[in-house]
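Colleague: Attaching a single structure in structure tokens format; questions to follow.
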Amino acid sequence: MAVINDWAQDPSVQFMRRVFRHMEAAQKEILKSLSISPFDARLRLWRETARKAFEQSWAHAVKLDIDLEDEKAAAIYVHCLAQAISLGGIKVPVEILPKDEKIEMLIKETLQ
């Protein structure tokens with residue numbers, strides 16, 4: 001008997017898959033812009049730091065009733081990753097970050 005898996009059809013699962021896809025693409029772009037290898041050993045710590053900040057920012061965005069569509073969620077993650085990279089001593093030019101006033105305000109409130 002074949003087992004039907006409806007989990008993959010769940011809209012919330014599909015949404016999170018889109019979010020992760022956008023986050024991966026955004027991460028790839030920022031690393032490329034900074035000439036950082038995707039195999040750089042420092043990435044593990046930066047990603048962990050960014051994940052924690054992202055979770056805090058996501059929760060704060062929900063409280064502020066900010067619509068978190070896929071691309072906005074990825075923008076939040078990129079800002080969190082940029083901050084983690086900056087803490088690692090690498091200057092991240094503001095010009096390479098996504099421009100969104102709500103996201104920038106959210107990051108400032110959450111992470112500082």
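Identifiers in the structure tokens: chain A, B, ... in order shown; residue index from 1 per chain; ligand index from 1 in order shown.
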Would you please extract all alpha helix (DSSP H) residues from chain A, as assigned by DSSP on the backbone, and give them as a PyMOL selection string?
Modeller: chain A and resi 11-33+43-63+70-87+101-111
Colleague: Write out as a ChimeraX atom specification each polymer residue whose atoms come within 9 Å of Ile90 of chain A, counting only C-alpha atoms; drop sequence neighbours fewer than 4 positions from it.
Modeller: /A:34,85-86
Colleague: Using only C-alpha atoms, find the one residue out of A:Asp65, A:Glu55, A:Glu95, A:Glu71 that sits nearest to Leu111 of chain A.
Modeller: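 Checking each candidate against Leu111 of chain A, we get A:Glu55 as the closest.
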Colleague: Smallest atom-to-atom distance to Phe20 of chain A: which of A:Arg51, A:Arg42, A:Lys102, A:His79, using only C-alpha atoms?
Modeller: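 Using only C-alpha atoms, the shortest distance to Phe20 of chain A belongs to A:Arg51.
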Colleague: What lies within 12 Å of Lys28 of chain A using only C-alpha atoms, ignoring chain neighbours under 2 positions off, as JSON, numbers by chain?
Modeller: {"A": [21, 22, 23, 24, 25, 26, 30, 31, 32, 33, 34, 35, 36, 37, 38, 39, 43, 74, 78, 81]}
Colleague: Write out as a list of chain:residue names each polymer residue whose atoms come within 9 Å of segment 67-69 of chain A, counting only C-alpha atoms; drop sequence neighbours fewer than 4 positions from it.
Modeller: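 My reading of the contact set: A:Phe15, A:Val19, A:Trp58, A:Ala61, A:Val62, A:Ala73, A:Ala74.
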Colleague: Include N, CA and C atoms and write out the residues we just selected as a PDB file, in the first residue's frame.
Modeller:
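Resulting contents of again.pdb:
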```
ATOM      1  N   PHE A  15       6.106  27.571   2.038  1.00  0.00           N
ATOM      2  CA  PHE A  15       6.579  28.920   2.343  1.00  0.00           C
ATOM      3  C   PHE A  15       7.999  28.872   2.900  1.00  0.00           C
ATOM      4  N   VAL A  19      11.481  30.495   1.573  1.00  0.00           N
ATOM      5  CA  VAL A  19      12.299  31.367   2.423  1.00  0.00           C
ATOM      6  C   VAL A  19      13.740  30.878   2.428  1.00  0.00           C
ATOM      7  N   TRP A  58      12.972  37.657  13.530  1.00  0.00           N
ATOM      8  CA  TRP A  58      11.706  37.110  13.010  1.00  0.00           C
ATOM      9  C   TRP A  58      10.610  37.268  14.070  1.00  0.00           C
ATOM     10  N   ALA A  61       9.641  40.829  14.345  1.00  0.00           N
ATOM     11  CA  ALA A  61       8.857  41.243  13.170  1.00  0.00           C
ATOM     12  C   ALA A  61       7.400  40.813  13.313  1.00  0.00           C
ATOM     13  N   VAL A  62       7.194  39.632  13.858  1.00  0.00           N
ATOM     14  CA  VAL A  62       5.831  39.144  14.065  1.00  0.00           C
ATOM     15  C   VAL A  62       5.111  40.056  15.060  1.00  0.00           C
ATOM     16  N   ALA A  73      12.075  37.943   4.486  1.00  0.00           N
ATOM     17  CA  ALA A  73      12.720  37.054   5.448  1.00  0.00           C
ATOM     18  C   ALA A  73      14.188  36.854   5.063  1.00  0.00           C
ATOM     19  N   ALA A  74      14.449  36.693   3.786  1.00  0.00           N
ATOM     20  CA  ALA A  74      15.832  36.541   3.312  1.00  0.00           C
ATOM     21  C   ALA A  74      16.624  37.816   3.567  1.00  0.00           C
TER      22      ALA A  74
END
```
Colleague: Ala84 of chain A: which residues within 7 Å, counting only C-alpha atoms, same-chain residues fewer than 5 positions away excluded, as a list of chain:residue names?
Modeller: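 That gives A:Trp46, A:Thr49, A:Ala50.
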Colleague: Work out how far apart atom CA of Leu106 of chain A and atom CA of Gln83 of chain A are and give it in Å to one decimal.
Modeller: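 We find that atom CA of Leu106 of chain A and atom CA of Gln83 of chain A lie 13.4 Å from each other.
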Colleague: I'd like to know which of A:Ile76, A:Gln56, A:Asp70, A:Pro98 is closest to Gln14 of chain A, using only C-alpha atoms.
Modeller: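 Among the listed residues, the smallest separation from Gln14 of chain A belongs to A:Asp70.
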Colleague: Can you work out the spacing between atom CA of Gln112 of chain A and atom CA of Ala82 of chain A in Å, to one decimal?
Modeller: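 Separation between atom CA of Gln112 of chain A and atom CA of Ala82 of chain A: 13.9 Å.
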Colleague: Interatomic distance between atom CA of Tyr77 of chain A and atom CA of Gln9 of chain A?
Modeller: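 These atoms are spaced 24.9 Å apart.
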Colleague: Smallest atom-to-atom distance to Ile66 of chain A: which of A:Ala8, A:Met105, A:Val92, A:Leu97, using only C-alpha atoms?
Modeller: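 Using only C-alpha atoms, Ile66 of chain A sits closest to A:Met105.
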